[in-house]
Amino acid sequence: MTYGVKLMVSGPRACFTRPEMKVERVSYDVMTPSAARGILEAIHWKPAISWVIDAIHVLKPIRFQSFRRNEVASKAPAGLIKQAINRGDLAGLQLLADEDRQQRAATILTDVAYVIAAHFVMTPRAGGDDNAAKHLDTFNRRAARGQCFHQPCLGTREFDARFELLDPANNLQQPDSAHRTPELGFGVPRELGIMLWDIAHQEKGKPSMFFRARLEDGVMRVPQPGSTEVLK
Amino acid sequence: MTILGSLVRAYERLPDAPPYGYAMAKIGFLISLNEDGSVANLVDLRTAEGSKREPRELLTPKAPKRTSGIKPCFLWDKTAYVLGVTAGDLTPKQQERLDREHASFRDLHLEVLIGSTDTGLIALRRFLEAWTIDQFNAFGWSEELKDQNVVFALESDRRPDNIFLHHRDAARILWASMQSDASGEAEVCLVSGAMLPVERVHPSIKGVWGGQTAGASIVSFNAAAYESYGHEQGDNAPVSEQAAFAYTTALNIFLSKGSKNRIQIGDASTVFWADASDAETAETAEDVWLAAFSEIDETQESARVRSVLEGLRNGRTLADLDPGLSRGVRFYVLGLAPNAARISIRFWYDSDFSDLARNYQRFVQDMRIEPPPRNGNPPFWQYLAETAVQKKRENVPPNLAGEWMRAILTGKRYPLTLLTNVLMRIRADGEVNTLRVSMLKAVLTRNFERKDTPVALDPDFKDKGYLLGRLFAVYERIQEAALGRNVNATIKDKFYGSASAQPRKVFSVIDRNSANHLAKVAKQAPGLKVDLERKLSDIMGKLNPADDPYPASLSAQEQALFGLGYYHQRSSFFQTRDNDATETAQ
């Protein structure tokens, strides 16, 4: 058991894409636990630790915005690229975007702010001189200074996240009194339906795991790994 | 609740939804068989509506999703599959494909019906074994049969009870077992949370305006760039077969022609439904919403719907008007826009009906203007048409309709593109009518939070843009009084755009010309001249010389106020004229 951390993240736009509407993107109403994990891992991660999200606090009202973007239909072909490396020339690798054009709509969140409450556990890959206090200190130092391995993002890479470390002992930031509405679950818990908990990358076929999400007074509790609430 | 989850719930509450594995299909003809497999009759099932005969909608086993592959339906299909004939001359390649299609139908049925003991299914098997293409001509069947969908029935079933072959119990049981055999691996379904076989390719959703006629999908992964983690097709988003069937069936029913659950908003086909403890309340809620945004003939709606709508428009709360609707009624609105073979979600609203009523009231308040539109409450599409080039529905800017609808439903700010588009249209075609001005006012009231934006002509409102608009209307009136209505190009035609955007360039010119007009008016009607001059000085008196009364340019917000002032002042001229007319009549 280690101490928890509280990180406030915010940004002008966010897109936590629903798996079923991945092509014409529609975002979940609230940050997913896997996106929160991604933000924490961008700040500090080693194979010795594994982040576990406890709760996500929503600070601002949920607002959507929709637009269309021009993209392409194909991915970079890994096999062909490997062949090209071995061969030493680039023939046949080009992607002509105007022949491959796809226009995809996206319905994303605007003006978001969350507080991620999480802790980490040591994994079997922890070495002899790895201890929880060391990693906690490292995370706190890095988060306070704004250090990260790569810019954390709110769902997809194009929506960057601005982060700020909060003191876990202090009272959490609450949403403004004007925003304490049933939309954020104040007064009456708001059911958000089934939300993606995370993806089991180690298992064959990489199945997705889900949980029933609800907002209670602006807080979404995330089940711990191995709990029965995680549907897999 | 998630979008798919709410749709699955709606399917469960639909009174006459097709059961799992069945769907409505348009069937043209019926081949009735004797028990030995010979053909007894060919019955035309089409409804006779004038010259065009419409095939009838029947509940049949669900068709597999066919894009370019060959997949036969069970116990029905088009004549290319069932009989091996199709209209028109065929190239050798087409003929070969036709043969394969018929062979696939034949093989599927002979394989599946092999051990059947049911008389109807045995009859079908014998029919298929004995069928050859020349029998089509031998029977003398009409050319209209070609390329229609065909079902089967036993003659003994058809005569008294009209039971089709796929209605027979043995056929139902066989179809159910065929479905479960074709299931995939079980994974957790993201709609229901249960471990169930995953649907690989979701059924099509037909009826979205602008989409392919063959139907499109919300959940589809039809190119490499859309797949993740090495998953293919439906594994990218595990949805169970039952859930996929439920939500697509519900959507197809809501989107079908003549459904009372759909409305077209710009390019977004919008479906809406209510969830209440009893069906009548749900239907009333849906009717109220439809009447609010559409041009339903309000004399036809039930009295309850009319009273609720009138009350809401007059500002009373839903709890006062109709307590049954204000509690426990959940309302869902989903806007769908087509994108080739896919459907994108424009907006999704899911909340209590009382919230929706409140937000609708705010919208009506924002849009209120005096004098009001001629026909009371115009339908929503008329407002959208005012933002379109040549007022054509297909020219409505695509995202605007969806974003505006979302703002109305949620009570959040309107899209600013609404303001810019209306100003652009006014400048392009010179028409400043009631609908456009009320949209300008709505954006001013909500987005810029100018609660004091006047609904009717407000002589004391001192905003620069408003006063300049009023001034412009008075100048136009002066020219009209002097030169009459039959001028080729009035001041408004020539100068409205530049007056509203760059007043400093224009107002001095207009003022100079107005002196000439006033002189002419003085000769014809001195009283009118005094009246107009007094109006001019009233308005000019409110302009503050220290405050840059004729700015070099006006912001979009001030241009909107210009339009508002112009409209109010101009309408007041017509109103006083009407008042004079009634007084002289008396």
# chains A, B, ... in the order shown; residues from 1 in each chain; ligands from 1
$ select_by_dssp --residues "segment 86-207 of chain B" --states "strand (DSSP E or B)" --output "number ranges by chain"
B: 149-154, 186-188, 195-198, 205
$ residues_around --residues "Leu7 of chain B" --least-positions-apart "4" --cutoff "7 Å" --atoms "only C-alpha atoms" --output "VMD selection string"
chain B and resid 3 11 247 250
$ write_last_selection --atoms "N, CA, C and O atoms" --output "CSV table (one decimal), in the first residue's frame"
chain,number,residue,atom,x,y,z
B,3,ILE,N,-25.3,5.8,-25.6
B,3,ILE,CA,-26.2,5.9,-26.8
B,3,ILE,C,-26.8,4.5,-27.1
B,3,ILE,O,-28.0,4.3,-27.2
B,11,TYR,N,-35.6,-0.4,-27.7
B,11,TYR,CA,-36.1,-1.6,-28.4
B,11,TYR,C,-36.9,-2.5,-27.5
B,11,TYR,O,-38.0,-3.0,-27.9
B,247,TYR,N,-30.3,-2.6,-31.1
B,247,TYR,CA,-30.2,-1.2,-31.3
B,247,TYR,C,-30.4,-0.8,-32.8
B,247,TYR,O,-31.0,0.2,-33.1
B,250,ALA,N,-34.2,-0.9,-33.4
B,250,ALA,CA,-34.8,0.3,-32.8
B,250,ALA,C,-34.6,1.5,-33.7
B,250,ALA,O,-35.5,2.2,-34.1
$ residues_around --residues "Gly565 of chain B" --least-positions-apart "6" --cutoff "8 Å" --atoms "only C-alpha atoms" --output "JSON, numbers by chain"
{"B": [457, 465, 466, 467, 468, 469, 470]}
$ closest_residue --among "B:Ala214, B:Leu190, B:Ala337, B:Val443" --to "chain A" --atoms "only C-alpha atoms"
B:Leu190
$ residues_around --residues "Ile81 of chain A" --least-positions-apart "5" --cutoff "9 Å" --atoms "only C-alpha atoms" --output "ChimeraX atom specification"
/A:76,86,90,93
$ residues_around --residues "Asp130 of chain A" --least-positions-apart "5" --cutoff "10 Å" --atoms "only C-alpha atoms" --output "PyMOL selection string"
chain A and resi 48-49+122+125+135
$ write_last_selection --atoms "all heavy atoms" --output "CSV table (one decimal), in the first residue's frame"
chain,number,residue,atom,x,y,z
A,48,ALA,N,9.1,-1.1,-12.7
A,48,ALA,CA,8.9,-1.5,-11.3
A,48,ALA,C,7.5,-1.1,-10.7
A,48,ALA,O,7.1,-1.7,-9.8
A,48,ALA,CB,10.0,-0.9,-10.5
A,49,ILE,N,6.9,-0.1,-11.3
A,49,ILE,CA,5.6,0.3,-10.7
A,49,ILE,C,4.5,0.1,-11.7
A,49,ILE,O,4.7,0.1,-12.9
A,49,ILE,CB,5.7,1.8,-10.2
A,49,ILE,CG1,5.8,2.7,-11.4
A,49,ILE,CG2,6.7,2.0,-9.2
A,49,ILE,CD1,5.7,4.1,-11.1
A,122,MET,N,3.9,-1.9,-6.6
A,122,MET,CA,5.2,-2.4,-7.1
A,122,MET,C,4.9,-3.7,-7.9
A,122,MET,O,4.0,-4.5,-7.5
A,122,MET,CB,6.2,-2.7,-6.0
A,122,MET,CG,6.4,-1.6,-5.0
A,122,MET,SD,7.0,-0.1,-5.8
A,122,MET,CE,8.7,-0.6,-6.2
A,125,ARG,N,8.6,-6.9,-11.4
A,125,ARG,CA,9.9,-6.5,-12.0
A,125,ARG,C,10.7,-5.5,-11.2
A,125,ARG,O,11.6,-5.0,-11.7
A,125,ARG,CB,9.6,-5.9,-13.4
A,125,ARG,CG,9.1,-7.0,-14.4
A,125,ARG,CD,8.4,-6.5,-15.6
A,125,ARG,NE,9.3,-5.9,-16.5
A,125,ARG,CZ,9.0,-5.3,-17.6
A,125,ARG,NH1,7.7,-5.2,-18.0
A,125,ARG,NH2,9.9,-4.7,-18.4
A,135,HIS,N,9.9,6.0,-5.6
A,135,HIS,CA,9.1,6.3,-6.8
A,135,HIS,C,8.1,7.4,-6.5
A,135,HIS,O,7.9,8.2,-7.4
A,135,HIS,CB,8.4,5.0,-7.3
A,135,HIS,CG,9.4,4.1,-8.0
A,135,HIS,ND1,9.9,4.4,-9.3
A,135,HIS,CD2,9.9,2.9,-7.7
A,135,HIS,CE1,10.7,3.4,-9.7
A,135,HIS,NE2,10.7,2.5,-8.7
$ select_by_dssp --residues "segment 131-305 of chain B" --states "alpha helix (DSSP H)" --output "JSON, numbers by chain"
{"B": [134, 135, 136, 137, 138, 139, 155, 156, 157, 158, 159, 160, 161, 169, 170, 171, 172, 173, 174, 175, 176, 177, 178, 179, 180, 181, 241, 242, 243, 244, 245, 246, 247, 248, 249, 250, 251, 252, 253, 254, 255, 279, 280, 281, 282, 283, 284, 285, 286, 287, 288, 289, 290, 291, 292, 293, 303, 304, 305]}
$ residues_around --residues "Trp209 of chain B" --least-positions-apart "5" --cutoff "9 Å" --atoms "only C-alpha atoms" --output "number ranges by chain"
B: 264, 267-269, 336-338
$ residues_around --residues "segment 202-204 of chain A" --least-positions-apart "5" --cutoff "12 Å" --atoms "only C-alpha atoms" --output "PyMOL selection string"
(chain A and resi 209+232) or (chain B and resi 229-231)
$ closest_atom_pairs --of "chain B" --to "chain A" --cutoff "6 Å" --atoms "only C-alpha atoms" --output "CSV"
residue,atom,partner,partner_atom,distance
B:Met1,CA,A:Gly193,CA,4.4
B:Thr2,CA,A:Gly193,CA,5.3
B:Val188,CA,A:Lys232,CA,5.6
B:Val219,CA,A:Glu20,CA,5.6
B:Ala223,CA,A:Ala73,CA,5.7
B:Ala224,CA,A:Ser74,CA,5.1
B:Ala225,CA,A:Ser74,CA,4.7
B:Tyr226,CA,A:Val23,CA,5.9
B:Ala237,CA,A:Glu20,CA,4.9
B:Ser344,CA,A:Glu24,CA,5.2
$ atom_distance --atom1 "atom CA of Cys148 of chain A" --atom2 "atom CA of Tyr114 of chain A"
18.3 Å
$ closest_atom_pairs --of "segment 83-197 of chain B" --to "segment 14-31 of chain B" --cutoff "10 Å" --atoms "only C-alpha atoms" --output "JSON lines"
{"residue": "B:Glu144", "atom": "CA", "partner": "B:Gly28", "partner_atom": "CA", "distance": 9.3}
{"residue": "B:Leu145", "atom": "CA", "partner": "B:Phe29", "partner_atom": "CA", "distance": 7.0}
{"residue": "B:Lys146", "atom": "CA", "partner": "B:Gly28", "partner_atom": "CA", "distance": 9.8}
{"residue": "B:Asp147", "atom": "CA", "partner": "B:Gly28", "partner_atom": "CA", "distance": 9.2}
{"residue": "B:Gln148", "atom": "CA", "partner": "B:Gly28", "partner_atom": "CA", "distance": 5.5}
{"residue": "B:Asn149", "atom": "CA", "partner": "B:Ile27", "partner_atom": "CA", "distance": 4.8}
{"residue": "B:Val150", "atom": "CA", "partner": "B:Phe29", "partner_atom": "CA", "distance": 4.9}
{"residue": "B:Val151", "atom": "CA", "partner": "B:Leu30", "partner_atom": "CA", "distance": 5.0}
{"residue": "B:Phe152", "atom": "CA", "partner": "B:Ile31", "partner_atom": "CA", "distance": 5.0}
{"residue": "B:Ala153", "atom": "CA", "partner": "B:Ile31", "partner_atom": "CA", "distance": 6.5}
{"residue": "B:Leu154", "atom": "CA", "partner": "B:Ile31", "partner_atom": "CA", "distance": 8.5}
{"residue": "B:Glu155", "atom": "CA", "partner": "B:Ile31", "partner_atom": "CA", "distance": 8.9}
{"residue": "B:Arg158", "atom": "CA", "partner": "B:Leu30", "partner_atom": "CA", "distance": 9.8}
{"residue": "B:Phe164", "atom": "CA", "partner": "B:Leu30", "partner_atom": "CA", "distance": 8.7}
{"residue": "B:Arg172", "atom": "CA", "partner": "B:Gly21", "partner_atom": "CA", "distance": 9.8}
{"residue": "B:Trp175", "atom": "CA", "partner": "B:Gly21", "partner_atom": "CA", "distance": 8.1}
{"residue": "B:Ala176", "atom": "CA", "partner": "B:Gly21", "partner_atom": "CA", "distance": 7.5}
{"residue": "B:Gln179", "atom": "CA", "partner": "B:Gly21", "partner_atom": "CA", "distance": 7.5}
$ atom_distance --atom1 "atom CA of Ser302 of chain B" --atom2 "atom CA of Asp287 of chain B"
8.9 Å
$ closest_residue --among "B:Gly484, B:Gly37, B:Pro459, B:Pro61" --to "Gly541 of chain B" --atoms "only C-alpha atoms"
B:Pro459
$ closest_residue --among "B:Ile343, B:Ala282, B:Leu174, B:Ala546" --to "Gly328 of chain B" --atoms "only C-alpha atoms"
B:Ala282
$ closest_residue --among "B:Ala246, B:Val509, B:Leu312, B:Met195" --to "Phe495 of chain B" --atoms "only C-alpha atoms"
B:Val509
$ decode --residues "segment 25-37 of chain A" --atoms "all heavy atoms" --output "short mmCIF file (atom, residue, chain, number, x, y, z; two decimals), in the first residue's frame"
data_model
loop_
_atom_site.label_atom_id
_atom_site.label_comp_id
_atom_site.auth_asym_id
_atom_site.auth_seq_id
_atom_site.Cartn_x
_atom_site.Cartn_y
_atom_site.Cartn_z
N ARG A 25 -15.68 9.60 -34.28
CA ARG A 25 -15.41 9.60 -32.85
C ARG A 25 -16.49 10.29 -32.04
O ARG A 25 -16.93 11.38 -32.34
CB ARG A 25 -14.09 10.32 -32.57
CG ARG A 25 -12.90 9.60 -33.08
CD ARG A 25 -11.64 10.34 -32.68
NE ARG A 25 -10.50 9.85 -33.41
CZ ARG A 25 -9.81 8.77 -33.08
NH1 ARG A 25 -10.16 8.08 -32.01
NH2 ARG A 25 -8.80 8.37 -33.80
N VAL A 26 -16.90 9.62 -30.95
CA VAL A 26 -17.75 10.23 -29.95
C VAL A 26 -17.04 9.99 -28.62
O VAL A 26 -16.59 8.89 -28.35
CB VAL A 26 -19.15 9.58 -29.92
CG1 VAL A 26 -19.98 10.19 -28.82
CG2 VAL A 26 -19.84 9.77 -31.25
N SER A 27 -16.95 11.03 -27.82
CA SER A 27 -16.19 10.88 -26.57
C SER A 27 -17.11 10.40 -25.45
O SER A 27 -18.30 10.66 -25.45
CB SER A 27 -15.59 12.24 -26.21
OG SER A 27 -15.08 12.21 -24.91
N TYR A 28 -16.52 9.71 -24.49
CA TYR A 28 -17.23 9.45 -23.24
C TYR A 28 -17.46 10.78 -22.54
O TYR A 28 -16.80 11.78 -22.82
CB TYR A 28 -16.38 8.56 -22.32
CG TYR A 28 -16.44 7.09 -22.61
CD1 TYR A 28 -15.33 6.41 -23.06
CD2 TYR A 28 -17.60 6.36 -22.40
CE1 TYR A 28 -15.37 5.04 -23.30
CE2 TYR A 28 -17.65 5.00 -22.65
CZ TYR A 28 -16.53 4.35 -23.10
OH TYR A 28 -16.57 3.01 -23.34
N ASP A 29 -18.40 10.77 -21.57
CA ASP A 29 -18.68 12.03 -20.89
C ASP A 29 -17.55 12.42 -19.95
O ASP A 29 -17.37 13.60 -19.64
CB ASP A 29 -19.96 11.89 -20.05
CG ASP A 29 -21.16 11.69 -20.94
OD1 ASP A 29 -20.99 11.31 -22.10
OD2 ASP A 29 -22.28 11.93 -20.48
N VAL A 30 -16.83 11.43 -19.46
CA VAL A 30 -15.85 11.65 -18.39
C VAL A 30 -14.56 10.94 -18.78
O VAL A 30 -14.59 9.99 -19.57
CB VAL A 30 -16.42 11.09 -17.07
CG1 VAL A 30 -15.38 11.04 -15.99
CG2 VAL A 30 -17.59 11.91 -16.62
N MET A 31 -13.44 11.37 -18.21
CA MET A 31 -12.16 10.71 -18.52
C MET A 31 -12.22 9.23 -18.16
O MET A 31 -12.77 8.84 -17.15
CB MET A 31 -11.08 11.40 -17.70
CG MET A 31 -9.72 10.78 -17.86
SD MET A 31 -8.51 11.55 -16.79
CE MET A 31 -7.96 12.87 -17.81
N THR A 32 -11.62 8.40 -19.01
CA THR A 32 -11.58 6.97 -18.72
C THR A 32 -10.38 6.67 -17.83
O THR A 32 -9.38 7.39 -17.86
CB THR A 32 -11.42 6.15 -20.01
OG1 THR A 32 -10.28 6.65 -20.72
CG2 THR A 32 -12.64 6.27 -20.88
N PRO A 33 -10.48 5.58 -17.05
CA PRO A 33 -9.32 5.23 -16.21
C PRO A 33 -8.06 4.97 -17.03
O PRO A 33 -6.96 5.30 -16.60
CB PRO A 33 -9.77 3.96 -15.49
CG PRO A 33 -11.25 4.01 -15.53
CD PRO A 33 -11.62 4.73 -16.77
N SER A 34 -8.21 4.43 -18.24
CA SER A 34 -7.00 4.15 -19.02
C SER A 34 -6.35 5.45 -19.49
O SER A 34 -5.12 5.56 -19.54
CB SER A 34 -7.33 3.27 -20.22
OG SER A 34 -8.42 3.77 -20.92
N ALA A 35 -7.15 6.47 -19.79
CA ALA A 35 -6.56 7.76 -20.16
C ALA A 35 -5.84 8.37 -18.97
O ALA A 35 -4.75 8.95 -19.11
CB ALA A 35 -7.64 8.71 -20.67
N ALA A 36 -6.44 8.23 -17.78
CA ALA A 36 -5.79 8.77 -16.58
C ALA A 36 -4.45 8.07 -16.33
O ALA A 36 -3.44 8.70 -16.00
CB ALA A 36 -6.71 8.58 -15.37
N ARG A 37 -4.48 6.74 -16.52
CA ARG A 37 -3.24 5.99 -16.35
C ARG A 37 -2.19 6.47 -17.33
O ARG A 37 -1.01 6.64 -17.00
CB ARG A 37 -3.54 4.50 -16.54
CG ARG A 37 -2.35 3.59 -16.46
CD ARG A 37 -2.75 2.14 -16.64
NE ARG A 37 -3.35 1.85 -17.93
CZ ARG A 37 -2.67 1.64 -19.06
NH1 ARG A 37 -1.37 1.66 -19.04
NH2 ARG A 37 -3.31 1.40 -20.19
#
